[in-house]
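Chemist: The structure follows.
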Amino acid sequence: MKSFIETRPDSDFPIENLPYCVFALKTGGSPVCGSAIGDYIIDLSVLEEKGFFDNTPISGKKVFSRSSLNLFMSQGRDAWREVRKVLQNLLSYDNPVLRDDEMLRKITFIPMDDVKMCLPVEIGDYTDFYSSREHATNVGIMFRGKENALMPNWLHLPVAYHGRASSVVISGTNIKRPKGQTKPTSSDKPVFGPSKLLDFELEMGFFIGTGNNLGEPVNITQAEDHIFGMVIVNDWSARDIQTWEYQPLGPFLAKNFATSVSPWIVTLEALEPFRTEGPEREFEPLDYLRNHRRNSYDITLEVFIQTEGMNEPFLISRSNFKYLYWNMFQQLAHHTVNGCNLRTGDLLASGTISGPTPDSYGSMLELGWRGEKPIRLPTGEERKFLEDGDTVIMKAYCIAEDYRIGFGEVRGKVIPAG
Ligand code: MN
């Protein structure tokens, strides 16, 4: 596949990707839906207006001249596939329709430097899983000791908690250090103040395209049809608040002050060539959770940190989506098995994705082993947890022989509690 828009081999956005986003011009104007190729945003509202999607299921619905992708997401997998086909055809090297129409090209392709990325989805509900065995084991060892590291339910079901959708923010949003109640080990009473153990969590999330009716579970074999696409998620966590509050009902204020997502939703269609096997299973789960192991994706994940004293970001972890023990289809089947209804725009995140080796851990809690092994930075600085002024950047990409499918990045800077 080749486009008349040139893309560098290391570009996140070749013609094979075509992720979805919502953007606004820096010069003003309402947000609309877009895609990307090379260094350009594709204004999908223009292409829709010109009638290029008239022979697809979205015809006449004006799905792209809106400030969220929800209406498009609700149209279903056939619609997503057909729109993708039209787009790939329009962008292809051999097709003169856009290629040779300078006026149309000018209003369709917008340099990325000229736009501001927006939260692409109106998120109704946010659920966070806990699906990395390595992460659950590491945290279990630190909090409860080696013998009880993995809870007895963990290998039987994808553990999760209901998060907070209102505080999901787009990449680039500053993260204000949360204040809260903590209990220092040295004291027998709790204290109130800014979190001292602020952390990131390296995660991926997926958005629900079409939901299910209340009382009607999604069979695992159909789970894939409900997923619109994936983003990078940083599930910011205050470990000191978490330790004190989490029993018996799980995380609350330690997590719901902010969750950052990357602006590009990469579709399962684009990810299909990178489908791969997940980890070996300890034993087969119950029937409703049973699917092939080849239901994961080979997505390289990277975490960088940049303190105020550093000139460039420094890589502190490299992990992979394929390390997750529970795959997205199992997560979705489990979430709905009791009849719970998922709705268009819901965000389901993976939980911290840690790999098998210490350089692939997905949180500072693990990388610095609860402060015992501080992370050394090239400036000579050390970090046990995040300090004010630190920026965390996460990237995700899949590598093929002659192209790559990238997710862009999710970034956030920690600012003082004030
Ligand atoms: Mn999390």
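Residue names in the structure tokens use chain letters A, B, ... in the order shown, residue numbers from 1 in each chain, and ligand numbers from 1 in the order shown.
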Would you pick out the contacts of segment 210-218 of chain A at 12 Å or less, using only C-alpha atoms, so that residues sharing its chain but fewer than 5 positions from it are not included, and give the list as a VMD selection string?

Modeler: chain A and resid 70 to 80 124 to 125 223 to 229 288 to 289 329 to 347

Chemist: Could you save those same residues with N, CA and C atoms as a CSV table (one decimal), in the first residue's frame?

Modeler:
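Saved as part-v4.csv:
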chain,number,residue,atom,x,y,z
A,70,ASN,N,-18.4,9.6,19.0
A,70,ASN,CA,-19.4,8.6,19.5
A,70,ASN,C,-20.4,8.1,18.4
A,71,LEU,N,-21.0,9.1,17.7
A,71,LEU,CA,-22.0,8.7,16.7
A,71,LEU,C,-21.4,7.7,15.7
A,72,PHE,N,-20.2,8.0,15.2
A,72,PHE,CA,-19.5,7.1,14.3
A,72,PHE,C,-19.2,5.8,14.9
A,73,MET,N,-18.8,5.8,16.2
A,73,MET,CA,-18.5,4.5,16.9
A,73,MET,C,-19.7,3.7,17.0
A,74,SER,N,-20.9,4.3,17.2
A,74,SER,CA,-22.1,3.5,17.4
A,74,SER,C,-22.6,2.9,16.1
A,75,GLN,N,-22.0,3.2,15.0
A,75,GLN,CA,-22.5,2.6,13.7
A,75,GLN,C,-22.2,1.2,13.4
A,76,GLY,N,-21.2,0.7,14.2
A,76,GLY,CA,-20.9,-0.7,14.1
A,76,GLY,C,-19.7,-1.1,13.1
A,77,ARG,N,-19.2,-2.3,13.3
A,77,ARG,CA,-18.0,-2.7,12.6
A,77,ARG,C,-18.0,-2.6,11.1
A,78,ASP,N,-19.2,-3.0,10.5
A,78,ASP,CA,-19.2,-2.9,9.0
A,78,ASP,C,-19.0,-1.5,8.5
A,79,ALA,N,-19.6,-0.5,9.3
A,79,ALA,CA,-19.5,0.9,8.9
A,79,ALA,C,-18.0,1.3,9.1
A,80,TRP,N,-17.4,0.9,10.2
A,80,TRP,CA,-16.0,1.3,10.4
A,80,TRP,C,-15.1,0.8,9.3
A,124,GLY,N,-18.7,7.6,28.9
A,124,GLY,CA,-19.7,7.5,29.9
A,124,GLY,C,-19.2,6.8,31.1
A,125,ASP,N,-18.5,5.7,30.9
A,125,ASP,CA,-18.0,4.9,32.0
A,125,ASP,C,-16.6,4.5,31.7
A,223,ALA,N,-17.1,-10.6,21.0
A,223,ALA,CA,-16.6,-9.4,21.8
A,223,ALA,C,-15.8,-8.5,20.8
A,224,GLU,N,-15.1,-9.0,19.9
A,224,GLU,CA,-14.3,-8.2,19.0
A,224,GLU,C,-15.2,-7.2,18.2
A,225,ASP,N,-16.4,-7.6,17.8
A,225,ASP,CA,-17.2,-6.7,17.1
A,225,ASP,C,-17.6,-5.4,17.8
A,226,HIS,N,-17.5,-5.4,19.1
A,226,HIS,CA,-17.9,-4.3,20.0
A,226,HIS,C,-16.8,-3.3,20.2
A,227,ILE,N,-15.6,-3.6,19.8
A,227,ILE,CA,-14.4,-2.8,20.1
A,227,ILE,C,-14.1,-1.9,19.0
A,228,PHE,N,-14.1,-0.6,19.2
A,228,PHE,CA,-13.8,0.4,18.1
A,228,PHE,C,-12.3,0.6,17.9
A,229,GLY,N,-11.6,0.6,19.0
A,229,GLY,CA,-10.1,0.8,18.8
A,229,GLY,C,-9.4,1.1,20.2
A,288,TYR,N,-17.1,-19.3,29.6
A,288,TYR,CA,-17.5,-18.0,29.1
A,288,TYR,C,-16.2,-17.1,28.9
A,289,LEU,N,-15.1,-17.5,29.4
A,289,LEU,CA,-13.9,-16.8,29.3
A,289,LEU,C,-12.9,-17.5,28.3
A,329,PHE,N,-10.9,-9.4,24.8
A,329,PHE,CA,-12.2,-10.1,24.6
A,329,PHE,C,-12.6,-10.8,25.8
A,330,GLN,N,-11.7,-11.3,26.6
A,330,GLN,CA,-12.1,-11.9,27.9
A,330,GLN,C,-12.5,-10.9,28.8
A,331,GLN,N,-11.9,-9.7,28.8
A,331,GLN,CA,-12.3,-8.6,29.7
A,331,GLN,C,-13.7,-8.2,29.4
A,332,LEU,N,-14.0,-8.0,28.1
A,332,LEU,CA,-15.3,-7.6,27.7
A,332,LEU,C,-16.4,-8.6,28.0
A,333,ALA,N,-16.1,-9.9,27.7
A,333,ALA,CA,-17.1,-10.9,28.1
A,333,ALA,C,-17.3,-11.0,29.6
A,334,HIS,N,-16.2,-10.9,30.3
A,334,HIS,CA,-16.4,-10.9,31.8
A,334,HIS,C,-17.2,-9.7,32.3
A,335,HIS,N,-17.0,-8.5,31.7
A,335,HIS,CA,-17.6,-7.3,32.2
A,335,HIS,C,-19.2,-7.4,32.0
A,336,THR,N,-19.6,-8.1,31.0
A,336,THR,CA,-21.0,-8.2,30.6
A,336,THR,C,-21.7,-9.5,31.0
A,337,VAL,N,-20.9,-10.4,31.6
A,337,VAL,CA,-21.5,-11.8,31.8
A,337,VAL,C,-22.7,-11.8,32.8
A,338,ASN,N,-22.7,-10.8,33.7
A,338,ASN,CA,-23.8,-10.6,34.6
A,338,ASN,C,-25.0,-9.8,34.1
A,339,GLY,N,-24.8,-9.4,32.8
A,339,GLY,CA,-25.9,-8.6,32.2
A,339,GLY,C,-25.6,-7.1,32.2
A,340,CYS,N,-24.4,-6.7,32.8
A,340,CYS,CA,-24.0,-5.3,32.8
A,340,CYS,C,-24.0,-4.8,31.3
A,341,ASN,N,-24.6,-3.6,31.1
A,341,ASN,CA,-24.6,-3.1,29.7
A,341,ASN,C,-23.4,-2.1,29.6
A,342,LEU,N,-22.6,-2.3,28.5
A,342,LEU,CA,-21.6,-1.4,28.1
A,342,LEU,C,-22.2,-0.5,27.0
A,343,ARG,N,-21.8,0.8,27.0
A,343,ARG,CA,-22.4,1.7,26.0
A,343,ARG,C,-21.3,2.3,25.1
A,344,THR,N,-21.7,2.8,24.0
A,344,THR,CA,-20.8,3.5,23.1
A,344,THR,C,-20.0,4.5,23.8
A,345,GLY,N,-18.7,4.5,23.7
A,345,GLY,CA,-17.8,5.5,24.3
A,345,GLY,C,-17.2,5.0,25.6
A,346,ASP,N,-17.7,3.9,26.2
A,346,ASP,CA,-17.1,3.5,27.4
A,346,ASP,C,-15.6,3.1,27.2
A,347,LEU,N,-14.8,3.4,28.2
A,347,LEU,CA,-13.4,3.1,28.2
A,347,LEU,C,-13.0,1.9,29.1

Chemist: Can you pull out every residue with an atom within 10 Å of ligand 1? Use only C-alpha atoms and all ligand atoms and format it as a PyMOL selection string.

Modeler: chain A and resi 127-131+160-161+163+200-204+233-237+251+255+259+349-353+363

Chemist: Please identify every residue of segment 349-417 of chain A that has at least one atom no farther than 12 Å from an atom of segment 267-272 of chain A, counting only C-alpha atoms, and for each give the shortest atom pair and the distance in Å to one decimal, arranged by chain then increasing number, as JSON lines.

Modeler:
{"residue": "A:Ala396", "atom": "CA", "partner": "A:Leu271", "partner_atom": "CA", "distance": 12.0}
{"residue": "A:Tyr397", "atom": "CA", "partner": "A:Leu271", "partner_atom": "CA", "distance": 9.9}
{"residue": "A:Cys398", "atom": "CA", "partner": "A:Leu271", "partner_atom": "CA", "distance": 8.0}
{"residue": "A:Ile399", "atom": "CA", "partner": "A:Leu271", "partner_atom": "CA", "distance": 10.4}
{"residue": "A:Ala400", "atom": "CA", "partner": "A:Leu271", "partner_atom": "CA", "distance": 10.6}
{"residue": "A:Tyr403", "atom": "CA", "partner": "A:Ala270", "partner_atom": "CA", "distance": 11.7}
{"residue": "A:Arg404", "atom": "CA", "partner": "A:Ala270", "partner_atom": "CA", "distance": 10.2}
{"residue": "A:Ile405", "atom": "CA", "partner": "A:Ala270", "partner_atom": "CA", "distance": 7.4}
{"residue": "A:Gly406", "atom": "CA", "partner": "A:Leu271", "partner_atom": "CA", "distance": 9.9}
{"residue": "A:Phe407", "atom": "CA", "partner": "A:Thr267", "partner_atom": "CA", "distance": 10.2}

Chemist: Those residues with C-alpha atoms, as an mmCIF file, in the first residue's frame please?

Modeler:
data_model
loop_
_atom_site.group_PDB
_atom_site.id
_atom_site.type_symbol
_atom_site.label_atom_id
_atom_site.label_comp_id
_atom_site.auth_asym_id
_atom_site.auth_seq_id
_atom_site.Cartn_x
_atom_site.Cartn_y
_atom_site.Cartn_z
ATOM 1 C CA ALA A 396 3.134 2.604 21.754
ATOM 2 C CA TYR A 397 3.780 1.147 18.327
ATOM 3 C CA CYS A 398 3.749 -2.027 16.228
ATOM 4 C CA ILE A 399 6.583 -2.804 13.853
ATOM 5 C CA ALA A 400 5.998 -4.467 10.481
ATOM 6 C CA TYR A 403 5.923 0.269 8.116
ATOM 7 C CA ARG A 404 4.867 0.874 11.671
ATOM 8 C CA ILE A 405 1.501 1.447 13.278
ATOM 9 C CA GLY A 406 1.928 4.060 16.011
ATOM 10 C CA PHE A 407 -0.354 5.343 18.739
#

Chemist: I'd like the neighbourhood of Lys196 of chain A as a ChimeraX atom specification, where a residue qualifies if any of its atoms comes within 10 Å (using only C-alpha atoms), though same-chain residues fewer than 3 positions away should be ignored.

Modeler: /A:177-179,182,193,199,238-241,385-387

Chemist: Could you write out that same residue set with N, CA, C and O atoms as a compact mmCIF listing (two decimals), in the first residue's frame?

Modeler:
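Once written, out_38.txt looks like this:
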# COMPACT_ATOMS: atom_id res chain seq x y z
N ARG A 177 -0.89 17.47 41.48
CA ARG A 177 -0.65 16.47 42.53
C ARG A 177 -1.84 16.44 43.49
O ARG A 177 -2.25 17.48 44.02
N PRO A 178 -2.41 15.24 43.71
CA PRO A 178 -3.60 15.19 44.56
C PRO A 178 -3.23 15.30 46.04
O PRO A 178 -2.14 14.93 46.46
N LYS A 179 -4.16 15.84 46.81
CA LYS A 179 -4.05 15.81 48.26
C LYS A 179 -4.97 14.72 48.79
O LYS A 179 -5.95 14.37 48.14
N THR A 182 -3.47 10.00 54.25
CA THR A 182 -2.50 8.89 54.23
C THR A 182 -2.16 8.55 55.67
O THR A 182 -2.40 9.35 56.58
N GLY A 193 -2.58 15.81 53.33
CA GLY A 193 -1.64 16.66 52.60
C GLY A 193 -1.43 16.12 51.20
O GLY A 193 -2.06 15.14 50.79
N ASP A 199 2.58 8.26 41.23
CA ASP A 199 3.09 7.25 40.30
C ASP A 199 2.31 7.33 38.98
O ASP A 199 1.22 7.91 38.92
N ALA A 238 -1.84 7.55 43.25
CA ALA A 238 -1.17 8.06 44.47
C ALA A 238 -1.03 6.88 45.43
O ALA A 238 -1.99 6.46 46.07
N ARG A 239 0.17 6.33 45.50
CA ARG A 239 0.37 5.06 46.21
C ARG A 239 0.14 5.17 47.71
O ARG A 239 -0.30 4.20 48.34
N ASP A 240 0.47 6.32 48.29
CA ASP A 240 0.29 6.45 49.75
C ASP A 240 -1.20 6.56 50.10
O ASP A 240 -1.65 6.00 51.10
N ILE A 241 -1.96 7.26 49.25
CA ILE A 241 -3.41 7.34 49.47
C ILE A 241 -4.02 5.95 49.26
O ILE A 241 -4.86 5.48 50.04
N PHE A 385 9.61 8.18 43.29
CA PHE A 385 8.27 8.47 42.75
C PHE A 385 8.36 9.81 42.02
O PHE A 385 9.44 10.40 41.94
N LEU A 386 7.22 10.27 41.48
CA LEU A 386 7.26 11.48 40.66
C LEU A 386 7.34 12.74 41.51
O LEU A 386 6.69 12.84 42.55
N GLU A 387 8.14 13.68 41.04
CA GLU A 387 8.23 14.98 41.71
C GLU A 387 7.55 16.04 40.85
O GLU A 387 7.34 15.85 39.66

Chemist: Excluding segment 103-109 of chain A and residues on its chain fewer than 5 positions from it, collect all residues at most 8 Å away from it, counting only C-alpha atoms, and give them as a list in words.

Modeler: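 These residues fall inside the cut-off: Tyr40, Ile41, Ile42, Asp43, Leu44, Val46, Leu47 and Leu98 of chain A.
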
Chemist: Nearest residue to Gly29 of chain A out of A:Lys384, A:Val169, A:Ser67, A:Tyr126, using only C-alpha atoms?

Modeler: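 Among the listed residues, the smallest separation from Gly29 of chain A belongs to A:Ser67.
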
Chemist: Between A:Leu198, A:Leu377, A:Ile316, A:Leu18, which residue has the minimum interatomic distance to Ala258 of chain A, considering only C-alpha atoms?

Modeler: A:Leu198

Chemist: Residues of segment 12-59 of chain A classed as strand (DSSP E) by DSSP on the backbone are to be reported as an NGL selection string.

Modeler: :A and (21-25 or 32-37 or 40-43)

Chemist: Considering only helix (DSSP H, G or I) as DSSP defines it on the backbone, what residues of segment 144-215 of chain A qualify? List them as a list in words.

Modeler: Arg144, Lys146, Glu147 and Asn148 of chain A

Chemist: Would you mind listing, for every residue of segment 259-338 of chain A within 10 Å of segment 110-122 of chain A, the two atoms forming the shortest contact and the distance between them in Å to one decimal, using only C-alpha atoms, sorted by chain and ascending residue number, as a Markdown table?

Modeler:
| residue | atom | partner | partner_atom | distance |
| --- | --- | --- | --- | --- |
| A:Ser260 | CA | A:Leu119 | CA | 9.7 |
| A:Val261 | CA | A:Leu119 | CA | 8.0 |
| A:Ser262 | CA | A:Leu119 | CA | 8.5 |
| A:Pro263 | CA | A:Met117 | CA | 6.4 |
| A:Trp264 | CA | A:Pro120 | CA | 7.8 |
| A:Ile265 | CA | A:Pro120 | CA | 8.0 |

Chemist: Using only C-alpha atoms, can you tell me which of A:Val32, A:Ile141, A:Ile220, A:Ile393 comes closest to Leu301 of chain A?

Modeler: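 With only C-alpha atoms as the atom set, the closest residue is A:Ile393.
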
Chemist: So, with only C-alpha atoms as the atoms that count, which of A:Gly309, A:Pro31, A:Gly140, A:Pro279 lies closest to Phe321 of chain A?

Modeler: A:Pro279
